[in-house]
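Enquirer: Take this structure first; my questions come after.
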Amino acid sequence: MDVKKSPLKISNLVKRYGSYTAVDNVSFEMKPGEIFGLLGPNGAGKTSIISCIVTLQKPDEGECTIFGQNPMDHPLDAKMHLGYVPQEIINHGYFTVEEILVFHSGFLKTWNNKEKIHYLLNRLGLWEHRNKKVKALSGGMKRRLLIAKALVHDPKLLLLDEPTAGVDIELRNSLWEFVMELKAEGMSVLLTTHYLEEAEQLCDRVGVIQQGKLRKVGPTKDLIEQLTQRQVSLIFRGDCANGIKSKYLVDVEDDTARFLIPQDLGIGELITEVDCEIKNLLDIRISEGSLEDAFVRILGEGRDQ
Amino acid sequence: MTITPSMRPFLTLYYREIRRFLKVIVQTILAPIVSSGLYLLIFGVSLGERINLEGGLSYLAFLIPGLVMMSVLNNSYQNSSSSIVSGKFGGDLEDWKVVPLSPTAILWALSLGGLTRGLIVGLMTFSVGQVFFYVMNQQFLIPEHLGLLFLFLMVGGLSFSMFGISIAFWAKTFDHISGVGSFVILPLIYLGGVFFSLDGLHPYWQLVSKANPLLYFINGVRYSMLGESDVSLAVALSVSCASLVLFYGIALVVIKRGQYVRW
């Protein structure tokens with residue numbers, strides 16, 4: 001493995017199921033140590049991309065490489081550096097939580113791995129449940145087990161496919177905290193999630209996928225800046241709001257004038273542009289653009305194409 | 001032998017297979033032994049007393065090798081096929097695909113897991129048969145060719161494990177699995193000479209029986225235990241080994257091309 005190479009590089013990936021194209025010529029590259037969010041509506045092709053990375057599906061065209069190695073050509077090497085948390089729960093009917101981790105560790109060539117397994121059991125709140133069979137666990141606990149399995153061999157790249165789908169807020173928060181710890185240790189993380197607020201907080205960069213096509217990819221902050229506007233409400237004394245004129249003005253209601261301004265325009269510049277008397281200005285309320293706003297805009301533009 | 005890290009995924013899967021069938025030991029080991037014991041009691045002891053075979057061989061002695069091989073084949077097949085089917089149902093198969101387990105490692109680990117269960121049940125069946133044989137004859141049935149016996153049991157068990165892997169990967173529903181069990185495996189086993197000798201059949205049915213590969217597995221074991229069988233040792237050994245190669249090839253292709261996504 002060459003750690004200097006990109007943890008994950010997707011090049012012109014195409015995946016078809018019969019006549020349906022689930023992934024349509026997708027390319028992107030992750031940087032070492034970053035959290036990359038792959039976002040998109042249901043059926044956009046996110047899980048198909050991940051399935052191709054982990055070799056559950058064979059790409060029809062293009063390739064994925066993990067630290068420079070194609071897992072289709074070098075499965076035994078490439079998979080050693082990969083931790084995968086699937087979207088759906090695995091129900092290992094026969095075994096206990098600890099046994100599953102021991103076996104998974106062995107599949108990844110790591111024997112006598114008790115220390116790491118016990119650390120993960122404790123860190124993910126599974127210690128009390130280590131002797132239970134999976135079917136006796138709650139949905140949240142099963143998901144924690146999937147995460148423990150993915151980390152049992154200290155992978156360099158972690159794929160999280162909707163890891164917080166259907167789990168409570170407490171687990172979500174503790175999971176994200178854990179993911180940030182892993183990132184701090186140098187792990188690269190590819191994440192798919194429907195929770196855009198979380199993606200905004202966690203992801204260094206995001207890619208938005210729609211109908212199998214990658215519509216936009218870039219640093220999260222840049223996308224928000226480029227694709228959203230700040231909503232500014234100026235609240236005036238008396239009926240002063242009615243006289244306001246500005247190219248950024250959206251509407252006036254009672255004492256409040258609402259503006260949508262570009263992310264790079266300062267509030268001072270807006271007030272100068274509005275040319276109002278400061279003594280009449282009672283309050284300023286600012287609502288920043290979010291990843292969700294950017295996401296909605298990207299999807300809207302995608303639909304128009 | 002030194003165990004290298006690259007062997008660990010294979011050995012882990014093999015160990016997991018053994019742990020899996022031992023977790024449900026009543027269903028996987030004890031139940032087959034009970035059914036073999038009943039076969040021995042009803043056919044070998046009760047009805048067997050009224051059946052006379054050429055050369056003065058007792059029917060119980062004739063039956064024991066067949067039942068041992070039947071146990072090995074049945075349990076080897078069931079172990080590997082049920083492991084894959086439950087893996088498809090629960091999602092375990094996805095695990096095998098995303099870790100560094102090669103198709104060859106999966107094939108051998110599952111096959112050896114099936115063989116291990118088959119040999120345990122076969123050995124227990126043989127032991128139960130020995131008890132009945134001792135009660136009837138005041139002596140034990142000592143296998144004539146122990147090495148050959150082990151070879152035939154290995155080849156048969158591995159072949160049927162591999163057959164089970166192929167069928168389970170191919171299957172889309174539980175019905176497919178039970179259909180093959182009921183309409184293919186069971187007739188082949190029962191018509192493979194477990195309960196009867198070819199000599200007692202009409203020439204036409206002798207011909208049909210000779211097209212059944214199980215006849216050669218079973219008669220190989222019978223020769224190894226008793227020193228006599230319906231087919232020559234060379235033919236039994238050749239057909240058995242050819243079957244193993246064939247089942248190995250099919251299973252390897254199926255594992256390489258098969259779908260690992262869950263039902």
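Chain labels follow the order of the structure tokens: the first chain is A, the next B, and so on; residue numbering restarts at 1 in every chain, and ligands are counted from 1 in their shown order.
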If the cut-off is 10 Å, can you tell me the residues of chain A near chain B, counting only C-alpha atoms? I'd like them as a PDB file with C-alpha atoms, in the first residue's frame.
Expert:
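This went into iface.pdb:
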```pdb
ATOM      1  CA  SER A  51     -20.828  -1.753  -3.575  1.00  0.00           C
ATOM      2  CA  ILE A  53     -15.636  -0.164  -4.086  1.00  0.00           C
ATOM      3  CA  VAL A  54     -16.041  -3.189  -1.805  1.00  0.00           C
ATOM      4  CA  THR A  55     -16.415  -5.539  -4.832  1.00  0.00           C
ATOM      5  CA  LEU A  56     -19.957  -6.606  -3.988  1.00  0.00           C
ATOM      6  CA  GLN A  57     -20.775  -5.365  -7.481  1.00  0.00           C
ATOM      7  CA  PRO A  71      -9.769  -4.129  -5.334  1.00  0.00           C
ATOM      8  CA  HIS A  74      -5.782  -6.987  -5.998  1.00  0.00           C
ATOM      9  CA  PRO A  75      -8.647  -7.941  -3.678  1.00  0.00           C
ATOM     10  CA  LEU A  76      -6.517  -9.484  -0.967  1.00  0.00           C
ATOM     11  CA  ASP A  77      -4.251  -6.436  -0.550  1.00  0.00           C
ATOM     12  CA  ALA A  78      -6.722  -3.640  -1.182  1.00  0.00           C
ATOM     13  CA  LYS A  79      -9.379  -4.993   1.197  1.00  0.00           C
ATOM     14  CA  MET A  80      -6.914  -5.082   4.079  1.00  0.00           C
ATOM     15  CA  HIS A  81      -7.041  -1.292   4.248  1.00  0.00           C
ATOM     16  CA  LEU A  82     -10.782  -1.031   4.005  1.00  0.00           C
ATOM     17  CA  GLY A  83     -13.411  -0.911   6.743  1.00  0.00           C
ATOM     18  CA  TYR A  84     -16.989  -1.166   5.518  1.00  0.00           C
ATOM     19  CA  PRO A  86     -23.120  -1.520   5.245  1.00  0.00           C
ATOM     20  CA  GLU A  88     -28.378  -2.927   6.116  1.00  0.00           C
ATOM     21  CA  ILE A  89     -27.956  -4.794   9.367  1.00  0.00           C
ATOM     22  CA  ILE A  90     -26.229  -8.198   9.190  1.00  0.00           C
ATOM     23  CA  ASN A  91     -27.965 -10.784  11.346  1.00  0.00           C
ATOM     24  CA  HIS A  92     -25.232 -13.367  12.085  1.00  0.00           C
ATOM     25  CA  GLY A  93     -27.697 -15.837  13.533  1.00  0.00           C
ATOM     26  CA  TYR A  94     -25.415 -18.228  15.373  1.00  0.00           C
ATOM     27  CA  PHE A  95     -22.771 -16.151  17.102  1.00  0.00           C
ATOM     28  CA  GLU A  99     -17.339 -14.116  18.506  1.00  0.00           C
ATOM     29  CA  ILE A 100     -18.346 -12.096  15.454  1.00  0.00           C
ATOM     30  CA  VAL A 102     -13.036 -12.412  16.645  1.00  0.00           C
ATOM     31  CA  PHE A 103     -14.029 -14.039  13.342  1.00  0.00           C
ATOM     32  CA  HIS A 104     -14.019 -10.766  11.453  1.00  0.00           C
ATOM     33  CA  SER A 105     -10.610  -9.993  12.850  1.00  0.00           C
ATOM     34  CA  GLY A 106      -9.392 -13.397  11.648  1.00  0.00           C
ATOM     35  CA  PHE A 107     -10.830 -12.788   8.171  1.00  0.00           C
ATOM     36  CA  LEU A 108      -8.632  -9.712   8.134  1.00  0.00           C
ATOM     37  CA  LYS A 109      -5.535 -11.744   9.045  1.00  0.00           C
ATOM     38  CA  THR A 110      -5.471 -10.482  12.633  1.00  0.00           C
ATOM     39  CA  TRP A 111      -5.393 -13.157  15.320  1.00  0.00           C
ATOM     40  CA  LYS A 149     -16.421  -4.938  12.824  1.00  0.00           C
TER      41      LYS A 149
END
```
Enquirer: Using only C-alpha atoms, which protein or nucleic acid residues come within 6 Å of segment 109-125 of chain B? Drop anything in the same chain fewer than 4 positions from it, and give the result as a ChimeraX atom specification.
Expert: /B:10,13-14,17-18,29,33,68,71-72,75-76,79-80,105,157-158,161-162
Enquirer: Which neighbours of Gly218 of chain A fall inside 10 Å, counting only C-alpha atoms, when residues of the same chain fewer than 3 positions from it are skipped, and could you give them as an NGL selection string?
Expert: :A and (28 or 36-37 or 204-208 or 221-224)
Enquirer: Would you write out those residues with C-alpha atoms, as a PDB file, in the first residue's frame?
Expert:
```pdb
ATOM      1  CA  PHE A  28     -13.897  11.765  -7.728  1.00  0.00           C
ATOM      2  CA  PHE A  36     -15.835  12.940   2.226  1.00  0.00           C
ATOM      3  CA  GLY A  37     -19.633  13.020   2.110  1.00  0.00           C
ATOM      4  CA  ASP A 204     -14.394  18.363   4.625  1.00  0.00           C
ATOM      5  CA  ARG A 205     -15.707  17.851   1.117  1.00  0.00           C
ATOM      6  CA  VAL A 206     -18.921  16.564  -0.366  1.00  0.00           C
ATOM      7  CA  GLY A 207     -20.092  15.188  -3.677  1.00  0.00           C
ATOM      8  CA  VAL A 208     -23.739  15.419  -4.666  1.00  0.00           C
ATOM      9  CA  LYS A 221     -17.741  25.453   2.826  1.00  0.00           C
ATOM     10  CA  ASP A 222     -17.047  26.437  -0.777  1.00  0.00           C
ATOM     11  CA  LEU A 223     -20.210  24.784  -2.045  1.00  0.00           C
ATOM     12  CA  ILE A 224     -22.262  26.557   0.576  1.00  0.00           C
TER      13      ILE A 224
END
```
Enquirer: Among segment 104-178 of chain A, which residues does DSSP mark as helix (DSSP H, G or I) when it is run on the backbone? Keep the chain and numbering as in the structure and answer as a VMD selection string.
Expert: chain A and resid 104 to 107 114 to 123 127 to 129 134 to 136 139 to 151 169 to 178
Enquirer: Got a sec to tell me which of segment 89-285 of chain A DSSP assigns to strand (DSSP E), as a count of residues only?
Expert: 48
Enquirer: Between atom CA of Val232 of chain A and atom CA of Glu269 of chain A, what is the spacing in Å?
Expert: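 Calculated distance between atom CA of Glu269 of chain A and atom CA of Val232 of chain A is 12.1 Å.
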Enquirer: Counting only C-alpha atoms, which residue out of A:Arg285, A:Arg297, A:Arg230, A:Arg303 sits closest to Leu265 of chain A?
Expert: A:Arg230
Enquirer: With only C-alpha atoms as the basis for distance, which of B:Leu188, B:Ile25, B:Ile167, B:Ile255 is at the shortest distance from Trp108 of chain B?
Expert: B:Ile255
Enquirer: Taking only C-alpha atoms into account, name the residue in A:Glu200, A:Asp168, A:Glu292, A:Asp161 that is nearest to Met141 of chain A.
Expert: A:Asp168
Enquirer: Which neighbours of Gly40 of chain A fall inside 6 Å, counting only C-alpha atoms, when residues of the same chain fewer than 4 positions from it are skipped, and could you give them as a list in words?
Expert: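 Selected residues are Ala44, Val208, Ile209 and Gln210 of chain A.
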Enquirer: Restrict the selected residues to N, CA, C and O atoms and save them as a PDB file, in the first residue's frame.
Expert:
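What ended up in out-v4.pdb:
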```pdb
ATOM      1  N   ALA A  44     -30.120   7.402  -5.717  1.00  0.00           N
ATOM      2  CA  ALA A  44     -29.236   8.234  -6.546  1.00  0.00           C
ATOM      3  C   ALA A  44     -28.037   7.449  -7.063  1.00  0.00           C
ATOM      4  O   ALA A  44     -27.443   7.821  -8.068  1.00  0.00           O
ATOM      5  N   VAL A 208     -22.287  15.610  -4.598  1.00  0.00           N
ATOM      6  CA  VAL A 208     -23.739  15.419  -4.666  1.00  0.00           C
ATOM      7  C   VAL A 208     -24.053  14.595  -5.899  1.00  0.00           C
ATOM      8  O   VAL A 208     -23.667  14.957  -7.016  1.00  0.00           O
ATOM      9  N   ILE A 209     -24.737  13.494  -5.671  1.00  0.00           N
ATOM     10  CA  ILE A 209     -25.048  12.577  -6.766  1.00  0.00           C
ATOM     11  C   ILE A 209     -26.568  12.539  -6.964  1.00  0.00           C
ATOM     12  O   ILE A 209     -27.339  12.565  -6.000  1.00  0.00           O
ATOM     13  N   GLN A 210     -26.951  12.517  -8.224  1.00  0.00           N
ATOM     14  CA  GLN A 210     -28.384  12.491  -8.565  1.00  0.00           C
ATOM     15  C   GLN A 210     -28.553  11.671  -9.832  1.00  0.00           C
ATOM     16  O   GLN A 210     -27.847  11.899 -10.815  1.00  0.00           O
TER      17      GLN A 210
END
```
Enquirer: Would you kindly return, as a PDB file with all heavy atoms, in the first residue's frame, each protein, DNA or RNA residue with an atom no farther than 10 Å from any atom of segment 170-173 of chain A, considering only C-alpha atoms and excluding same-chain residues fewer than 3 positions away?
Expert:
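Wrote selection.pdb, looks like this:
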```
ATOM      1  N   LEU A 124     -17.688   1.522  21.994  1.00  0.00           N
ATOM      2  CA  LEU A 124     -18.984   1.617  21.309  1.00  0.00           C
ATOM      3  C   LEU A 124     -20.151   1.156  22.190  1.00  0.00           C
ATOM      4  O   LEU A 124     -21.266   0.958  21.704  1.00  0.00           O
ATOM      5  CB  LEU A 124     -18.941   0.811  20.002  1.00  0.00           C
ATOM      6  CG  LEU A 124     -18.055   1.438  18.921  1.00  0.00           C
ATOM      7  CD1 LEU A 124     -17.677   0.432  17.863  1.00  0.00           C
ATOM      8  CD2 LEU A 124     -18.745   2.632  18.282  1.00  0.00           C
ATOM      9  N   GLY A 125     -19.890   0.986  23.463  1.00  0.00           N
ATOM     10  CA  GLY A 125     -20.980   0.655  24.394  1.00  0.00           C
ATOM     11  C   GLY A 125     -21.534  -0.745  24.211  1.00  0.00           C
ATOM     12  O   GLY A 125     -22.709  -1.002  24.490  1.00  0.00           O
ATOM     13  N   GLY A 140     -29.959  -0.171  17.253  1.00  0.00           N
ATOM     14  CA  GLY A 140     -28.810   0.704  17.473  1.00  0.00           C
ATOM     15  C   GLY A 140     -27.571  -0.090  17.835  1.00  0.00           C
ATOM     16  O   GLY A 140     -26.463   0.207  17.372  1.00  0.00           O
ATOM     17  N   MET A 141     -27.755  -1.115  18.651  1.00  0.00           N
ATOM     18  CA  MET A 141     -26.617  -1.954  19.075  1.00  0.00           C
ATOM     19  C   MET A 141     -26.066  -2.745  17.882  1.00  0.00           C
ATOM     20  O   MET A 141     -24.856  -2.922  17.752  1.00  0.00           O
ATOM     21  CB  MET A 141     -27.057  -2.929  20.168  1.00  0.00           C
ATOM     22  CG  MET A 141     -27.333  -2.273  21.493  1.00  0.00           C
ATOM     23  SD  MET A 141     -25.823  -1.581  22.183  1.00  0.00           S
ATOM     24  CE  MET A 141     -26.495  -0.520  23.433  1.00  0.00           C
ATOM     25  N   ARG A 143     -26.074  -1.784  14.873  1.00  0.00           N
ATOM     26  CA  ARG A 143     -25.319  -0.838  14.052  1.00  0.00           C
ATOM     27  C   ARG A 143     -23.933  -0.571  14.670  1.00  0.00           C
ATOM     28  O   ARG A 143     -22.933  -0.453  13.979  1.00  0.00           O
ATOM     29  CB  ARG A 143     -26.112   0.445  13.896  1.00  0.00           C
ATOM     30  CG  ARG A 143     -25.844   1.104  12.576  1.00  0.00           C
ATOM     31  CD  ARG A 143     -26.916   2.035  12.146  1.00  0.00           C
ATOM     32  NE  ARG A 143     -27.933   1.405  11.332  1.00  0.00           N
ATOM     33  CZ  ARG A 143     -27.770   1.003  10.076  1.00  0.00           C
ATOM     34  NH1 ARG A 143     -26.604   1.153   9.474  1.00  0.00           N
ATOM     35  NH2 ARG A 143     -28.754   0.470   9.387  1.00  0.00           N
ATOM     36  N   ARG A 144     -23.900  -0.490  16.004  1.00  0.00           N
ATOM     37  CA  ARG A 144     -22.603  -0.311  16.674  1.00  0.00           C
ATOM     38  C   ARG A 144     -21.692  -1.498  16.373  1.00  0.00           C
ATOM     39  O   ARG A 144     -20.489  -1.339  16.195  1.00  0.00           O
ATOM     40  CB  ARG A 144     -22.801  -0.232  18.189  1.00  0.00           C
ATOM     41  CG  ARG A 144     -23.419   1.065  18.645  1.00  0.00           C
ATOM     42  CD  ARG A 144     -23.741   0.984  20.109  1.00  0.00           C
ATOM     43  NE  ARG A 144     -24.753   1.969  20.456  1.00  0.00           N
ATOM     44  CZ  ARG A 144     -24.704   2.725  21.539  1.00  0.00           C
ATOM     45  NH1 ARG A 144     -23.722   2.596  22.385  1.00  0.00           N
ATOM     46  NH2 ARG A 144     -25.645   3.591  21.785  1.00  0.00           N
ATOM     47  N   PRO A 163     -24.730   5.215   8.134  1.00  0.00           N
ATOM     48  CA  PRO A 163     -24.526   4.538   9.428  1.00  0.00           C
ATOM     49  C   PRO A 163     -25.514   4.962  10.503  1.00  0.00           C
ATOM     50  O   PRO A 163     -25.663   4.264  11.498  1.00  0.00           O
ATOM     51  CB  PRO A 163     -23.105   4.959   9.821  1.00  0.00           C
ATOM     52  CG  PRO A 163     -22.903   6.260   9.141  1.00  0.00           C
ATOM     53  CD  PRO A 163     -23.674   6.201   7.869  1.00  0.00           C
ATOM     54  N   THR A 164     -26.183   6.094  10.297  1.00  0.00           N
ATOM     55  CA  THR A 164     -27.085   6.548  11.373  1.00  0.00           C
ATOM     56  C   THR A 164     -28.556   6.410  10.989  1.00  0.00           C
ATOM     57  O   THR A 164     -29.415   6.961  11.672  1.00  0.00           O
ATOM     58  CB  THR A 164     -26.801   8.022  11.725  1.00  0.00           C
ATOM     59  OG1 THR A 164     -26.831   8.792  10.532  1.00  0.00           O
ATOM     60  CG2 THR A 164     -25.467   8.182  12.408  1.00  0.00           C
ATOM     61  N   ALA A 165     -28.817   5.670   9.893  1.00  0.00           N
ATOM     62  CA  ALA A 165     -30.216   5.489   9.485  1.00  0.00           C
ATOM     63  C   ALA A 165     -30.974   4.756  10.595  1.00  0.00           C
ATOM     64  O   ALA A 165     -30.583   3.654  10.986  1.00  0.00           O
ATOM     65  CB  ALA A 165     -30.276   4.706   8.184  1.00  0.00           C
ATOM     66  N   GLY A 166     -31.998   5.366  11.101  1.00  0.00           N
ATOM     67  CA  GLY A 166     -32.859   4.717  12.086  1.00  0.00           C
ATOM     68  C   GLY A 166     -32.273   4.592  13.472  1.00  0.00           C
ATOM     69  O   GLY A 166     -32.731   3.767  14.258  1.00  0.00           O
ATOM     70  N   VAL A 167     -31.250   5.377  13.807  1.00  0.00           N
ATOM     71  CA  VAL A 167     -30.711   5.291  15.178  1.00  0.00           C
ATOM     72  C   VAL A 167     -31.006   6.580  15.942  1.00  0.00           C
ATOM     73  O   VAL A 167     -31.203   7.638  15.339  1.00  0.00           O
ATOM     74  CB  VAL A 167     -29.185   5.009  15.206  1.00  0.00           C
ATOM     75  CG1 VAL A 167     -28.853   3.743  14.479  1.00  0.00           C
ATOM     76  CG2 VAL A 167     -28.401   6.154  14.615  1.00  0.00           C
ATOM     77  N   TRP A 176     -20.665  10.225  15.664  1.00  0.00           N
ATOM     78  CA  TRP A 176     -19.949  11.295  14.957  1.00  0.00           C
ATOM     79  C   TRP A 176     -18.718  11.747  15.738  1.00  0.00           C
ATOM     80  O   TRP A 176     -17.684  12.072  15.163  1.00  0.00           O
ATOM     81  CB  TRP A 176     -20.882  12.476  14.670  1.00  0.00           C
ATOM     82  CG  TRP A 176     -21.997  12.136  13.721  1.00  0.00           C
ATOM     83  CD1 TRP A 176     -23.301  12.535  13.803  1.00  0.00           C
ATOM     84  CD2 TRP A 176     -21.916  11.336  12.525  1.00  0.00           C
ATOM     85  NE1 TRP A 176     -24.037  12.029  12.752  1.00  0.00           N
ATOM     86  CE2 TRP A 176     -23.205  11.285  11.956  1.00  0.00           C
ATOM     87  CE3 TRP A 176     -20.886  10.640  11.889  1.00  0.00           C
ATOM     88  CZ2 TRP A 176     -23.494  10.587  10.786  1.00  0.00           C
ATOM     89  CZ3 TRP A 176     -21.179   9.932  10.720  1.00  0.00           C
ATOM     90  CH2 TRP A 176     -22.457   9.908  10.186  1.00  0.00           C
ATOM     91  N   GLU A 177     -18.873  11.727  17.057  1.00  0.00           N
ATOM     92  CA  GLU A 177     -17.727  12.077  17.911  1.00  0.00           C
ATOM     93  C   GLU A 177     -16.588  11.080  17.657  1.00  0.00           C
ATOM     94  O   GLU A 177     -15.427  11.449  17.527  1.00  0.00           O
ATOM     95  CB  GLU A 177     -18.195  11.987  19.365  1.00  0.00           C
ATOM     96  CG  GLU A 177     -17.314  12.652  20.381  1.00  0.00           C
ATOM     97  CD  GLU A 177     -17.881  12.411  21.778  1.00  0.00           C
ATOM     98  OE1 GLU A 177     -19.025  12.854  22.049  1.00  0.00           O
ATOM     99  OE2 GLU A 177     -17.201  11.764  22.561  1.00  0.00           O
ATOM    100  N   PHE A 178     -16.977   9.808  17.565  1.00  0.00           N
ATOM    101  CA  PHE A 178     -15.998   8.747  17.325  1.00  0.00           C
ATOM    102  C   PHE A 178     -15.356   8.905  15.944  1.00  0.00           C
ATOM    103  O   PHE A 178     -14.144   8.745  15.777  1.00  0.00           O
ATOM    104  CB  PHE A 178     -16.700   7.387  17.457  1.00  0.00           C
ATOM    105  CG  PHE A 178     -15.777   6.210  17.473  1.00  0.00           C
ATOM    106  CD1 PHE A 178     -14.534   6.273  18.082  1.00  0.00           C
ATOM    107  CD2 PHE A 178     -16.158   5.013  16.882  1.00  0.00           C
ATOM    108  CE1 PHE A 178     -13.688   5.175  18.105  1.00  0.00           C
ATOM    109  CE2 PHE A 178     -15.324   3.918  16.901  1.00  0.00           C
ATOM    110  CZ  PHE A 178     -14.078   4.003  17.511  1.00  0.00           C
ATOM    111  N   VAL A 179     -16.171   9.248  14.960  1.00  0.00           N
ATOM    112  CA  VAL A 179     -15.648   9.425  13.596  1.00  0.00           C
ATOM    113  C   VAL A 179     -14.640  10.574  13.575  1.00  0.00           C
ATOM    114  O   VAL A 179     -13.590  10.480  12.918  1.00  0.00           O
ATOM    115  CB  VAL A 179     -16.813   9.677  12.599  1.00  0.00           C
ATOM    116  CG1 VAL A 179     -16.285  10.142  11.250  1.00  0.00           C
ATOM    117  CG2 VAL A 179     -17.628   8.401  12.413  1.00  0.00           C
ATOM    118  N   GLU A 198     -25.614  17.107   9.609  1.00  0.00           N
ATOM    119  CA  GLU A 198     -24.443  16.378  10.110  1.00  0.00           C
ATOM    120  C   GLU A 198     -23.320  16.378   9.081  1.00  0.00           C
ATOM    121  O   GLU A 198     -22.156  16.559   9.416  1.00  0.00           O
ATOM    122  CB  GLU A 198     -24.828  14.934  10.429  1.00  0.00           C
ATOM    123  CG  GLU A 198     -25.761  14.845  11.612  1.00  0.00           C
ATOM    124  CD  GLU A 198     -26.339  13.442  11.776  1.00  0.00           C
ATOM    125  OE1 GLU A 198     -26.127  12.583  10.894  1.00  0.00           O
ATOM    126  OE2 GLU A 198     -27.002  13.226  12.790  1.00  0.00           O
TER     127      GLU A 198
END
```
Enquirer: Residues near Ala236 of chain B, anyone? I mean within 8 Å using only C-alpha atoms, not counting same-chain ones fewer than 4 positions away, as a VMD selection string.
Expert: chain B and resid 216 to 217 219 to 220 231 to 232 240
Enquirer: Atom CA of Gly200 of chain B and atom CA of His145 of chain B, how far apart in Å?
Expert: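 Value for the atom CA of His145 of chain B-atom CA of Gly200 of chain B distance: 25.5 Å.
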Enquirer: What does the distance between atom CA of Gly212 of chain A and atom CA of Asp24 of chain A come to in Å, to one decimal place?
Expert: 5.0 Å
Enquirer: Let me make sure I understand: among B:Gln27, B:Ser46, B:Ser82, B:Asn212, which one has the smallest atom-to-atom distance to Ser166 of chain B if we use only C-alpha atoms?
Expert: B:Ser82
